[in-house]
$ cat input.cif   # mmCIF, C-alpha atoms
data_query
#
loop_
_atom_site.group_PDB
_atom_site.id
_atom_site.type_symbol
_atom_site.label_atom_id
_atom_site.label_comp_id
_atom_site.auth_asym_id
_atom_site.auth_seq_id
_atom_site.Cartn_x
_atom_site.Cartn_y
_atom_site.Cartn_z
ATOM 1 C CA MET A 1207 -15.725 -31.219 10.030
ATOM 2 C CA ASP A 1208 -15.505 -29.200 6.853
ATOM 3 C CA ILE A 1209 -11.816 -29.394 6.207
ATOM 4 C CA GLY A 1210 -11.688 -26.080 4.392
ATOM 5 C CA ALA A 1211 -13.610 -24.098 6.966
ATOM 6 C CA GLN A 1212 -12.115 -21.749 9.490
ATOM 7 C CA ASN A 1213 -13.278 -22.689 12.952
ATOM 8 C CA ALA A 1214 -12.784 -20.970 16.268
ATOM 9 C CA ALA A 1215 -9.933 -23.343 17.124
ATOM 10 C CA VAL A 1216 -7.619 -21.924 14.463
ATOM 11 C CA LYS A 1217 -6.272 -18.412 14.184
ATOM 12 C CA VAL A 1218 -5.197 -17.213 10.751
ATOM 13 C CA ALA A 1219 -2.808 -14.368 10.049
ATOM 14 C CA LEU A 1220 -1.514 -12.801 6.875
ATOM 15 C CA GLY A 1221 2.117 -11.767 6.611
ATOM 16 C CA ARG A 1222 3.475 -9.347 4.053
ATOM 17 C CA ARG A 1223 6.996 -8.009 3.548
ATOM 18 C CA TYR A 1224 7.847 -4.554 2.275
ATOM 19 C CA HIS A 1225 11.162 -2.950 1.475
ATOM 20 C CA PHE A 1226 12.525 0.571 1.747
ATOM 21 C CA ALA A 1227 15.909 2.250 1.836
ATOM 22 C CA ALA A 1228 16.707 5.094 4.215
ATOM 23 C CA SER A 1229 19.557 6.736 6.056
ATOM 24 C CA HIS A 1230 19.923 7.440 9.742
ATOM 25 C CA ARG A 1231 22.387 8.577 12.360
ATOM 26 C CA LEU A 1232 22.379 7.352 15.932
ATOM 27 C CA HIS A 1233 23.072 10.388 18.076
ATOM 28 C CA ASN A 1234 21.651 11.596 21.372
ATOM 29 C CA PRO A 1235 22.129 15.362 21.825
ATOM 30 C CA ALA A 1236 21.834 14.922 25.615
ATOM 31 C CA LEU A 1237 25.114 12.988 25.613
ATOM 32 C CA SER A 1238 28.636 14.318 25.018
ATOM 33 C CA GLU A 1239 30.449 13.719 21.719
ATOM 34 C CA GLU A 1240 32.620 11.096 23.433
ATOM 35 C CA GLU A 1241 29.655 9.320 25.003
ATOM 36 C CA ASN A 1242 27.814 9.266 21.658
ATOM 37 C CA TRP A 1243 30.856 7.806 19.957
ATOM 38 C CA ARG A 1244 31.388 5.232 22.687
ATOM 39 C CA LEU A 1245 27.711 4.223 22.665
ATOM 40 C CA TYR A 1246 26.910 4.236 18.965
ATOM 41 C CA GLY A 1247 30.319 3.686 17.376
ATOM 42 C CA LYS A 1248 30.367 4.166 13.613
ATOM 43 C CA CYS A 1249 26.569 4.601 13.615
ATOM 44 C CA ASN A 1250 27.328 8.026 15.122
ATOM 45 C CA ASN A 1251 29.102 9.192 11.947
ATOM 46 C CA PRO A 1252 27.886 12.821 11.579
ATOM 47 C CA TYR A 1253 26.818 12.392 7.947
ATOM 48 C CA GLY A 1254 24.737 9.285 8.628
ATOM 49 C CA HIS A 1255 24.604 6.023 6.720
ATOM 50 C CA GLY A 1256 21.827 3.892 5.243
ATOM 51 C CA HIS A 1257 20.191 0.496 5.135
ATOM 52 C CA ASN A 1258 17.830 -1.505 2.994
ATOM 53 C CA TYR A 1259 15.092 -2.155 5.513
ATOM 54 C CA THR A 1260 12.585 -4.989 5.287
ATOM 55 C CA VAL A 1261 9.306 -4.561 7.153
ATOM 56 C CA GLU A 1262 7.225 -7.648 7.895
ATOM 57 C CA VAL A 1263 3.623 -6.872 8.791
ATOM 58 C CA LEU A 1264 1.385 -9.530 10.371
ATOM 59 C CA VAL A 1265 -2.382 -8.982 10.472
ATOM 60 C CA SER A 1266 -5.073 -11.364 11.699
ATOM 61 C CA GLY A 1267 -8.807 -11.679 11.296
ATOM 62 C CA LYS A 1268 -11.596 -13.785 9.963
ATOM 63 C CA VAL A 1269 -11.168 -15.164 6.454
ATOM 64 C CA ASP A 1270 -14.028 -13.743 4.376
ATOM 65 C CA PRO A 1271 -15.688 -16.721 2.619
ATOM 66 C CA ALA A 1272 -16.529 -14.561 -0.421
ATOM 67 C CA THR A 1273 -12.931 -13.553 -1.085
ATOM 68 C CA GLY A 1274 -10.864 -16.109 0.839
ATOM 69 C CA MET A 1275 -8.991 -13.195 2.376
ATOM 70 C CA ILE A 1276 -8.370 -11.693 5.808
ATOM 71 C CA ALA A 1277 -7.797 -8.374 4.090
ATOM 72 C CA ASN A 1278 -7.451 -7.497 0.447
ATOM 73 C CA LEU A 1279 -3.732 -7.178 -0.290
ATOM 74 C CA ALA A 1280 -4.404 -4.071 -2.354
ATOM 75 C CA ASP A 1281 -5.844 -2.384 0.758
ATOM 76 C CA LEU A 1282 -2.958 -3.470 2.983
ATOM 77 C CA ASP A 1283 -0.366 -2.532 0.359
ATOM 78 C CA GLY A 1284 -1.986 0.872 -0.162
ATOM 79 C CA PHE A 1285 -2.084 1.580 3.563
ATOM 80 C CA VAL A 1286 1.550 0.582 4.133
ATOM 81 C CA GLN A 1287 2.538 2.556 1.047
ATOM 82 C CA SER A 1288 0.979 5.793 2.282
ATOM 83 C CA GLU A 1289 1.785 5.401 6.009
ATOM 84 C CA VAL A 1290 5.319 3.981 5.836
ATOM 85 C CA LEU A 1291 6.902 3.564 2.427
ATOM 86 C CA GLU A 1292 6.200 7.016 1.015
ATOM 87 C CA PRO A 1293 7.320 8.895 4.150
ATOM 88 C CA PHE A 1294 10.380 6.660 4.760
ATOM 89 C CA ASP A 1295 11.713 5.398 1.430
ATOM 90 C CA HIS A 1296 14.833 7.224 0.234
ATOM 91 C CA LYS A 1297 14.636 9.603 3.159
ATOM 92 C CA SER A 1298 16.780 10.536 6.096
ATOM 93 C CA LEU A 1299 14.919 9.168 9.114
ATOM 94 C CA ASN A 1300 16.472 11.831 11.368
ATOM 95 C CA GLU A 1301 15.691 14.790 9.111
ATOM 96 C CA ASP A 1302 12.534 13.764 7.278
ATOM 97 C CA VAL A 1303 10.447 11.906 9.877
ATOM 98 C CA ALA A 1304 8.994 14.054 12.652
ATOM 99 C CA ALA A 1305 9.049 11.246 15.230
ATOM 100 C CA PHE A 1306 12.849 11.049 14.985
ATOM 101 C CA GLN A 1307 13.479 14.709 15.662
ATOM 102 C CA SER A 1308 13.320 13.835 19.351
ATOM 103 C CA THR A 1309 13.948 10.065 19.343
ATOM 104 C CA VAL A 1310 17.086 8.210 18.235
ATOM 105 C CA PRO A 1311 16.175 6.286 15.054
ATOM 106 C CA THR A 1312 17.431 2.911 16.189
ATOM 107 C CA THR A 1313 15.617 0.042 14.551
ATOM 108 C CA GLU A 1314 13.880 -0.638 17.886
ATOM 109 C CA ASN A 1315 12.341 2.837 17.739
ATOM 110 C CA LEU A 1316 11.700 2.522 14.007
ATOM 111 C CA CYS A 1317 9.796 -0.715 14.651
ATOM 112 C CA ILE A 1318 7.613 0.978 17.293
ATOM 113 C CA GLU A 1319 6.988 3.977 14.998
ATOM 114 C CA ILE A 1320 5.943 1.713 12.113
ATOM 115 C CA TYR A 1321 3.651 -0.254 14.449
ATOM 116 C CA ARG A 1322 2.078 3.007 15.643
ATOM 117 C CA ARG A 1323 1.478 4.104 12.042
ATOM 118 C CA LEU A 1324 -0.021 0.773 10.956
ATOM 119 C CA LYS A 1325 -2.145 0.045 14.036
ATOM 120 C CA PRO A 1326 -5.159 2.026 12.668
ATOM 121 C CA PHE A 1327 -5.378 -0.256 9.565
ATOM 122 C CA PRO A 1328 -9.164 -0.619 9.356
ATOM 123 C CA LYS A 1329 -9.514 -3.984 7.576
ATOM 124 C CA ALA A 1330 -7.698 -6.372 9.965
ATOM 125 C CA LYS A 1331 -6.022 -6.521 13.363
ATOM 126 C CA LEU A 1332 -2.345 -5.620 13.404
ATOM 127 C CA GLU A 1333 -0.532 -8.359 15.321
ATOM 128 C CA CYS A 1334 3.108 -7.580 14.921
ATOM 129 C CA VAL A 1335 5.709 -5.583 13.005
ATOM 130 C CA ARG A 1336 9.170 -7.001 12.384
ATOM 131 C CA VAL A 1337 11.856 -4.753 10.922
ATOM 132 C CA GLN A 1338 15.012 -6.208 9.472
ATOM 133 C CA GLU A 1339 17.824 -3.661 9.349
ATOM 134 C CA THR A 1340 20.318 -6.010 7.717
ATOM 135 C CA SER A 1341 20.091 -9.737 7.039
ATOM 136 C CA ASN A 1342 21.758 -10.281 10.426
ATOM 137 C CA ASN A 1343 19.520 -8.284 12.748
ATOM 138 C CA SER A 1344 15.809 -7.755 13.133
ATOM 139 C CA PHE A 1345 13.433 -6.268 15.682
ATOM 140 C CA GLU A 1346 9.848 -7.149 16.507
ATOM 141 C CA TYR A 1347 7.098 -5.187 18.202
ATOM 142 C CA ALA A 1348 3.572 -6.349 18.994
ATOM 143 C CA GLY A 1349 2.228 -3.373 20.887
ATOM 144 C CA ASP A 1350 1.672 -3.880 24.575
ATOM 145 C CA HIS A 1351 1.376 -7.604 24.103
ATOM 146 C CA PRO A 1352 4.604 -8.681 25.763
ATOM 147 C CA GLU A 1353 4.832 -12.099 24.153
ATOM 148 C CA GLY A 1354 3.747 -11.056 20.708
ATOM 149 C CA PHE A 1355 1.475 -12.895 18.361
ATOM 150 C CA GLU A 1356 1.823 -16.334 19.902
ATOM 151 C CA GLY A 1357 1.172 -15.151 23.440
ATOM 152 C CA MET B 738 8.715 -27.235 25.142
ATOM 153 C CA VAL B 739 10.734 -27.473 21.946
ATOM 154 C CA LEU B 740 9.560 -26.330 18.513
ATOM 155 C CA LEU B 741 10.573 -28.350 15.482
ATOM 156 C CA THR B 742 10.071 -27.040 11.955
ATOM 157 C CA ARG B 743 10.179 -28.856 8.649
ATOM 158 C CA LYS B 744 10.049 -27.065 5.317
ATOM 159 C CA ILE B 745 8.773 -28.376 1.992
ATOM 160 C CA GLU B 746 8.211 -26.737 -1.369
ATOM 161 C CA PHE B 747 5.559 -27.397 -3.945
ATOM 162 C CA ALA B 748 4.456 -25.756 -7.168
ATOM 163 C CA ALA B 749 0.806 -25.271 -8.071
ATOM 164 C CA SER B 750 -1.528 -23.084 -10.079
ATOM 165 C CA HIS B 751 -4.687 -21.339 -8.989
ATOM 166 C CA ARG B 752 -7.259 -18.729 -9.913
ATOM 167 C CA TYR B 753 -9.260 -16.326 -7.751
ATOM 168 C CA HIS B 754 -12.847 -16.208 -8.936
ATOM 169 C CA ASN B 755 -16.125 -16.003 -7.062
ATOM 170 C CA PRO B 756 -19.035 -17.183 -9.269
ATOM 171 C CA ASP B 757 -21.406 -15.041 -7.176
ATOM 172 C CA PHE B 758 -19.578 -11.895 -8.322
ATOM 173 C CA SER B 759 -20.027 -10.191 -11.697
ATOM 174 C CA PRO B 760 -17.028 -10.316 -14.074
ATOM 175 C CA GLU B 761 -16.303 -6.665 -13.217
ATOM 176 C CA GLU B 762 -16.488 -7.332 -9.485
ATOM 177 C CA ASN B 763 -14.183 -10.335 -9.833
ATOM 178 C CA ARG B 764 -11.627 -8.224 -11.674
ATOM 179 C CA ARG B 765 -11.938 -5.391 -9.188
ATOM 180 C CA VAL B 766 -11.551 -7.594 -6.084
ATOM 181 C CA PHE B 767 -9.023 -10.104 -7.371
ATOM 182 C CA GLY B 768 -7.134 -8.100 -10.003
ATOM 183 C CA LYS B 769 -4.789 -10.141 -12.191
ATOM 184 C CA CYS B 770 -5.333 -13.178 -9.920
ATOM 185 C CA ASN B 771 -8.698 -13.424 -11.723
ATOM 186 C CA ASN B 772 -7.047 -14.320 -15.061
ATOM 187 C CA PRO B 773 -9.331 -17.076 -16.465
ATOM 188 C CA HIS B 774 -6.515 -19.510 -17.235
ATOM 189 C CA GLY B 775 -4.916 -19.213 -13.808
ATOM 190 C CA HIS B 776 -1.310 -18.664 -12.807
ATOM 191 C CA GLY B 777 1.074 -20.413 -10.441
ATOM 192 C CA HIS B 778 3.517 -20.116 -7.584
ATOM 193 C CA ASN B 779 6.322 -21.976 -5.892
ATOM 194 C CA TYR B 780 4.880 -22.399 -2.438
ATOM 195 C CA THR B 781 7.066 -22.897 0.615
ATOM 196 C CA LEU B 782 5.436 -24.587 3.579
ATOM 197 C CA GLU B 783 6.891 -24.481 7.099
ATOM 198 C CA VAL B 784 5.293 -26.860 9.559
ATOM 199 C CA THR B 785 6.133 -26.395 13.241
ATOM 200 C CA VAL B 786 5.425 -29.056 15.855
ATOM 201 C CA ALA B 787 5.701 -28.386 19.597
ATOM 202 C CA GLY B 788 6.521 -30.944 22.238
ATOM 203 C CA GLU B 789 8.980 -32.350 24.732
ATOM 204 C CA PRO B 790 11.844 -34.505 23.432
ATOM 205 C CA ASP B 791 11.249 -38.176 24.176
ATOM 206 C CA PRO B 792 13.843 -39.268 26.794
ATOM 207 C CA VAL B 793 14.701 -42.442 24.837
ATOM 208 C CA THR B 794 14.938 -41.060 21.286
ATOM 209 C CA GLY B 795 15.687 -37.407 22.034
ATOM 210 C CA MET B 796 13.040 -36.470 19.468
ATOM 211 C CA VAL B 797 9.833 -34.437 19.663
ATOM 212 C CA LEU B 798 8.681 -36.597 16.799
ATOM 213 C CA ASP B 799 10.578 -38.600 14.215
ATOM 214 C CA LEU B 800 11.307 -36.272 11.277
ATOM 215 C CA LYS B 801 10.899 -39.284 8.978
ATOM 216 C CA ASP B 802 7.299 -39.605 10.129
ATOM 217 C CA LEU B 803 6.664 -35.890 9.613
ATOM 218 C CA LYS B 804 8.244 -36.089 6.160
ATOM 219 C CA GLU B 805 5.906 -38.961 5.241
ATOM 220 C CA ILE B 806 2.851 -37.104 6.543
ATOM 221 C CA LEU B 807 3.799 -34.003 4.513
ATOM 222 C CA GLU B 808 4.434 -36.110 1.410
ATOM 223 C CA ARG B 809 1.087 -37.879 1.709
ATOM 224 C CA GLU B 810 -1.131 -35.024 2.857
ATOM 225 C CA VAL B 811 0.401 -32.052 1.036
ATOM 226 C CA MET B 812 2.786 -33.039 -1.768
ATOM 227 C CA GLN B 813 0.604 -35.731 -3.311
ATOM 228 C CA ARG B 814 -2.474 -33.545 -3.051
ATOM 229 C CA MET B 815 -1.100 -30.189 -4.158
ATOM 230 C CA ASP B 816 2.251 -30.442 -5.931
ATOM 231 C CA HIS B 817 1.951 -29.679 -9.660
ATOM 232 C CA ARG B 818 -1.826 -29.393 -9.400
ATOM 233 C CA PHE B 819 -4.364 -26.744 -10.324
ATOM 234 C CA LEU B 820 -5.653 -26.074 -6.818
ATOM 235 C CA ASN B 821 -9.169 -24.961 -7.843
ATOM 236 C CA TYR B 822 -9.928 -28.111 -9.836
ATOM 237 C CA GLU B 823 -7.759 -30.855 -8.418
ATOM 238 C CA VAL B 824 -7.857 -30.411 -4.647
ATOM 239 C CA PRO B 825 -11.326 -31.386 -3.388
ATOM 240 C CA GLU B 826 -10.702 -29.768 0.016
ATOM 241 C CA LEU B 827 -10.500 -26.394 -1.762
ATOM 242 C CA ALA B 828 -13.585 -26.918 -3.920
ATOM 243 C CA GLY B 829 -15.928 -23.957 -3.715
ATOM 244 C CA GLN B 830 -13.306 -21.834 -1.972
ATOM 245 C CA ILE B 831 -11.011 -19.102 -3.239
ATOM 246 C CA PRO B 832 -7.550 -20.733 -3.035
ATOM 247 C CA THR B 833 -5.852 -17.805 -1.309
ATOM 248 C CA CYS B 834 -2.807 -18.297 0.851
ATOM 249 C CA GLU B 835 -5.085 -18.048 3.919
ATOM 250 C CA ASN B 836 -7.449 -20.785 2.716
ATOM 251 C CA ILE B 837 -4.687 -23.134 1.533
ATOM 252 C CA ALA B 838 -2.884 -22.746 4.877
ATOM 253 C CA LEU B 839 -6.148 -23.497 6.695
ATOM 254 C CA VAL B 840 -6.756 -26.639 4.613
ATOM 255 C CA ILE B 841 -3.194 -27.764 5.310
ATOM 256 C CA TRP B 842 -3.665 -27.103 9.045
ATOM 257 C CA ASN B 843 -6.884 -29.152 9.081
ATOM 258 C CA LEU B 844 -5.232 -31.989 7.137
ATOM 259 C CA LEU B 845 -2.116 -32.141 9.309
ATOM 260 C CA ASP B 846 -3.537 -31.530 12.779
ATOM 261 C CA PRO B 847 -5.125 -35.003 13.187
ATOM 262 C CA GLN B 848 -2.017 -36.697 11.737
ATOM 263 C CA ILE B 849 0.496 -35.320 14.221
ATOM 264 C CA LYS B 850 0.359 -37.913 17.008
ATOM 265 C CA GLN B 851 3.598 -37.040 18.796
ATOM 266 C CA GLY B 852 3.874 -33.454 19.910
ATOM 267 C CA LYS B 853 1.228 -30.993 18.773
ATOM 268 C CA LEU B 854 0.903 -29.000 15.582
ATOM 269 C CA HIS B 855 1.971 -25.476 16.548
ATOM 270 C CA ARG B 856 2.096 -23.411 13.395
ATOM 271 C CA VAL B 857 1.564 -23.740 9.665
ATOM 272 C CA ARG B 858 3.218 -21.007 7.622
ATOM 273 C CA LEU B 859 2.643 -21.006 3.881
ATOM 274 C CA TYR B 860 4.655 -18.656 1.659
ATOM 275 C CA GLU B 861 3.136 -17.874 -1.717
ATOM 276 C CA THR B 862 6.106 -15.637 -2.536
ATOM 277 C CA PRO B 863 9.003 -14.577 -0.291
ATOM 278 C CA ASP B 864 7.001 -11.420 0.543
ATOM 279 C CA LEU B 865 3.590 -12.975 1.203
ATOM 280 C CA PHE B 866 2.580 -15.681 3.650
ATOM 281 C CA ALA B 867 -0.273 -16.914 5.825
ATOM 282 C CA ASP B 868 0.055 -18.361 9.331
ATOM 283 C CA CYS B 869 -2.289 -20.728 11.155
ATOM 284 C CA TYR B 870 -2.104 -21.136 14.918
ATOM 285 C CA ARG B 871 -4.169 -22.913 17.488
ATOM 286 C CA ASN B 872 -6.474 -20.269 18.879
ATOM 287 C CA SER B 873 -6.280 -20.143 22.635
ATOM 288 C CA ALA B 874 -8.961 -17.911 24.080
ATOM 289 C CA ASN B 875 -7.176 -17.659 27.427
ATOM 290 C CA GLY B 876 -3.966 -16.527 25.786
ATOM 291 C CA ALA B 877 -1.996 -19.585 26.909
ATOM 292 C CA LYS B 878 0.500 -20.933 24.427
ATOM 293 C CA ALA B 879 -0.845 -23.998 22.691
#
$ encode --input "input.cif" --output "structure tokens"
Amino acid sequence: MDIGAQNAAVKVALGRRYHFAASHRLHNPALSEEENWRLYGKCNNPYGHGHNYTVEVLVSGKVDPATGMIANLADLDGFVQSEVLEPFDHKSLNEDVAAFQSTVPTTENLCIEIYRRLKPFPKAKLECVRVQETSNNSFEYAGDHPEGFEG
Amino acid sequence: MVLLTRKIEFAASHRYHNPDFSPEENRRVFGKCNNPHGHGHNYTLEVTVAGEPDPVTGMVLDLKDLKEILEREVMQRMDHRFLNYEVPELAGQIPTCENIALVIWNLLDPQIKQGKLHRVRLYETPDLFADCYRNSANGAKA
């Protein structure tokens, strides 16, 4: 066996982390003020608050022998920049992102929204998006694939 | 099934260059990674082995054995080396994170006799890594 060659028995994925800072407020207008406060606690603060988010993007595909790459990082970086970082970085998720006009911008929903935006990446298959809201909590979404990348 | 992960770090240099490309094409595709004299990284390797703990030892595999395998197969081959010129398994290949991870997978897989190699994750920087998994066409976990 050629030890450097990719064979059908091995799946290769490329993971890349990106960072952005944004504010949000967890508030559901269908609930009373008291219910919102009870449910979301200090995250319901009317003026919002912010986080430094980390987004981990995992894409898979065949490694091109000419470049050694699944996808050129410049292409992936450019796509994530235009689809996620530019619209989200230093923004209010509630006010500046259309999807969160009607959905509470929890990090679960943020993760799904980022997945939806990145799924059309043309150069590789999006496997999974993981969003870290703080160093102590993170959320993962792999589309309809219930067990994620490994499943 | 239990997953066990061991982490090691090594430092190495590399250069991205495809001799079939023109100099302009090499610069366009590989950017500053095409610098003729190379550049380097501190790589972090996470090796995950899956298995059932042995009833006598309580271990999936002896971490000492895994440590020795990683020392022999990865550290001695790659640590403080110029990957393009000094690692024969990478000869003729672009030493991207994907290709290095694949070489490491192919080196380690036959050496893991207890449990089964589950994942190789190689970080080139904290924000960039490649994963290798056993491909299971039927979707079952390896």
$ resolve_selection --input "input.cif" --expression "the PyMOL selection byres ((chain B) within 9 of (chain A))" --output "count of residues only"
42
$ resolve_selection --input "input.cif" --expression "the PyMOL selection byres ((chain B and resi 780) around 9)" --output "PyMOL selection string"
chain B and resi 745-749+778-779+781-782+859-862
$ write_last_selection --input "input.cif" --atoms "C-alpha atoms" --output "PDB file, keeping the file's coordinate frame"
ATOM      1  CA  ILE B 745       8.773 -28.376   1.992  1.00  0.00           C
ATOM      2  CA  GLU B 746       8.211 -26.737  -1.369  1.00  0.00           C
ATOM      3  CA  PHE B 747       5.559 -27.397  -3.945  1.00  0.00           C
ATOM      4  CA  ALA B 748       4.456 -25.756  -7.168  1.00  0.00           C
ATOM      5  CA  ALA B 749       0.806 -25.271  -8.071  1.00  0.00           C
ATOM      6  CA  HIS B 778       3.517 -20.116  -7.584  1.00  0.00           C
ATOM      7  CA  ASN B 779       6.322 -21.976  -5.892  1.00  0.00           C
ATOM      8  CA  THR B 781       7.066 -22.897   0.615  1.00  0.00           C
ATOM      9  CA  LEU B 782       5.436 -24.587   3.579  1.00  0.00           C
ATOM     10  CA  LEU B 859       2.643 -21.006   3.881  1.00  0.00           C
ATOM     11  CA  TYR B 860       4.655 -18.656   1.659  1.00  0.00           C
ATOM     12  CA  GLU B 861       3.136 -17.874  -1.717  1.00  0.00           C
ATOM     13  CA  THR B 862       6.106 -15.637  -2.536  1.00  0.00           C
TER      14      THR B 862
END
$ residues_around --input "input.cif" --residues "stretch 1234-1250 of chain A" --least-positions-apart "3" --cutoff "9 Å" --atoms "only C-alpha atoms" --output "PyMOL selection string"
chain A and resi 1230-1231+1253-1255+1308-1310
$ write_last_selection --input "input.cif" --atoms "C-alpha atoms" --output "PDB file, keeping the file's coordinate frame"
ATOM      1  CA  HIS A1230      19.923   7.440   9.742  1.00  0.00           C
ATOM      2  CA  ARG A1231      22.387   8.577  12.360  1.00  0.00           C
ATOM      3  CA  TYR A1253      26.818  12.392   7.947  1.00  0.00           C
ATOM      4  CA  GLY A1254      24.737   9.285   8.628  1.00  0.00           C
ATOM      5  CA  HIS A1255      24.604   6.023   6.720  1.00  0.00           C
ATOM      6  CA  SER A1308      13.320  13.835  19.351  1.00  0.00           C
ATOM      7  CA  THR A1309      13.948  10.065  19.343  1.00  0.00           C
ATOM      8  CA  VAL A1310      17.086   8.210  18.235  1.00  0.00           C
TER       9      VAL A1310
END
$ residues_around --input "input.cif" --residues "B:Glu805" --least-positions-apart "5" --cutoff "12 Å" --atoms "all atoms listed in the file" --output "list in words"
Arg743, Ile745, Asp799, Leu800, Glu810, Val811, Met812, Gln813, Leu845, Gln848 and Ile849 of chain B
$ atom_distance --input "input.cif" --atom1 "atom CA of A:Asn1251" --atom2 "atom CA of A:Phe1345"
22.3 Å
$ resolve_selection --input "input.cif" --expression "the PyMOL selection byres ((chain B and resi 775) around 9)" --output "list in words"
Ser750, His751, Arg752, Tyr753, Cys770, Asn771, Asn772, Pro773, His774, His776, Gly777 and Phe819 of chain B
$ closest_residue --input "input.cif" --among "B:Lys850, B:Lys769, B:Leu807, B:Leu741" --to "B:Pro790" --atoms "only C-alpha atoms"
B:Leu741
$ closest_residue --input "input.cif" --among "A:Ala1305, A:Ala1227, A:Leu1324, A:Leu1299" --to "A:Phe1285" --atoms "all atoms listed in the file"
A:Leu1324
$ atom_distance --input "input.cif" --atom1 "atom CA of B:Pro847" --atom2 "atom CA of A:Ala1277"
28.3 Å
$ atom_distance --input "input.cif" --atom1 "atom CA of A:Arg1336" --atom2 "atom CA of B:Arg856"
17.9 Å
$ closest_residue --input "input.cif" --among "A:Tyr1321, A:Pro1326, A:Asn1315, A:Pro1293" --to "A:Asp1350" --atoms "only C-alpha atoms"
A:Tyr1321
$ closest_residue --input "input.cif" --among "A:Glu1292, A:Lys1325, A:Thr1313, A:Ile1318" --to "A:Gln1338" --atoms "all atoms listed in the file"
A:Thr1313
$ decode --input "input.cif" --residues "stretch 1319-1331 of chain A" --atoms "N, CA and C atoms" --output "PDB file, in the first residue's frame"
ATOM      1  N   GLU A1319     -28.144  28.406  12.006  1.00  0.00           N
ATOM      2  CA  GLU A1319     -28.110  29.466  10.993  1.00  0.00           C
ATOM      3  C   GLU A1319     -26.756  29.485  10.266  1.00  0.00           C
ATOM      4  N   ILE A1320     -25.681  29.296  11.010  1.00  0.00           N
ATOM      5  CA  ILE A1320     -24.350  29.283  10.387  1.00  0.00           C
ATOM      6  C   ILE A1320     -24.219  28.062   9.473  1.00  0.00           C
ATOM      7  N   TYR A1321     -24.720  26.915   9.940  1.00  0.00           N
ATOM      8  CA  TYR A1321     -24.701  25.704   9.104  1.00  0.00           C
ATOM      9  C   TYR A1321     -25.446  25.960   7.792  1.00  0.00           C
ATOM     10  N   ARG A1322     -26.648  26.558   7.912  1.00  0.00           N
ATOM     11  CA  ARG A1322     -27.471  26.830   6.737  1.00  0.00           C
ATOM     12  C   ARG A1322     -26.731  27.740   5.743  1.00  0.00           C
ATOM     13  N   ARG A1323     -26.005  28.730   6.296  1.00  0.00           N
ATOM     14  CA  ARG A1323     -25.277  29.654   5.421  1.00  0.00           C
ATOM     15  C   ARG A1323     -24.068  29.004   4.755  1.00  0.00           C
ATOM     16  N   LEU A1324     -23.441  28.038   5.452  1.00  0.00           N
ATOM     17  CA  LEU A1324     -22.209  27.449   4.924  1.00  0.00           C
ATOM     18  C   LEU A1324     -22.442  26.201   4.079  1.00  0.00           C
ATOM     19  N   LYS A1325     -23.624  25.600   4.220  1.00  0.00           N
ATOM     20  CA  LYS A1325     -23.923  24.358   3.497  1.00  0.00           C
ATOM     21  C   LYS A1325     -23.665  24.474   1.996  1.00  0.00           C
ATOM     22  N   PRO A1326     -23.984  25.606   1.337  1.00  0.00           N
ATOM     23  CA  PRO A1326     -23.747  25.689  -0.119  1.00  0.00           C
ATOM     24  C   PRO A1326     -22.268  25.814  -0.525  1.00  0.00           C
ATOM     25  N   PHE A1327     -21.319  25.770   0.421  1.00  0.00           N
ATOM     26  CA  PHE A1327     -19.897  25.886   0.035  1.00  0.00           C
ATOM     27  C   PHE A1327     -19.601  24.907  -1.101  1.00  0.00           C
ATOM     28  N   PRO A1328     -19.147  25.428  -2.257  1.00  0.00           N
ATOM     29  CA  PRO A1328     -19.091  24.567  -3.446  1.00  0.00           C
ATOM     30  C   PRO A1328     -17.884  23.626  -3.515  1.00  0.00           C
ATOM     31  N   LYS A1329     -16.842  23.867  -2.709  1.00  0.00           N
ATOM     32  CA  LYS A1329     -15.588  23.125  -2.928  1.00  0.00           C
ATOM     33  C   LYS A1329     -15.432  21.876  -2.064  1.00  0.00           C
ATOM     34  N   ALA A1330     -16.286  21.675  -1.073  1.00  0.00           N
ATOM     35  CA  ALA A1330     -16.176  20.496  -0.197  1.00  0.00           C
ATOM     36  C   ALA A1330     -17.518  20.290   0.483  1.00  0.00           C
ATOM     37  N   LYS A1331     -17.639  19.133   1.163  1.00  0.00           N
ATOM     38  CA  LYS A1331     -18.916  18.818   1.816  1.00  0.00           C
ATOM     39  C   LYS A1331     -18.873  19.311   3.265  1.00  0.00           C
TER      40      LYS A1331
END
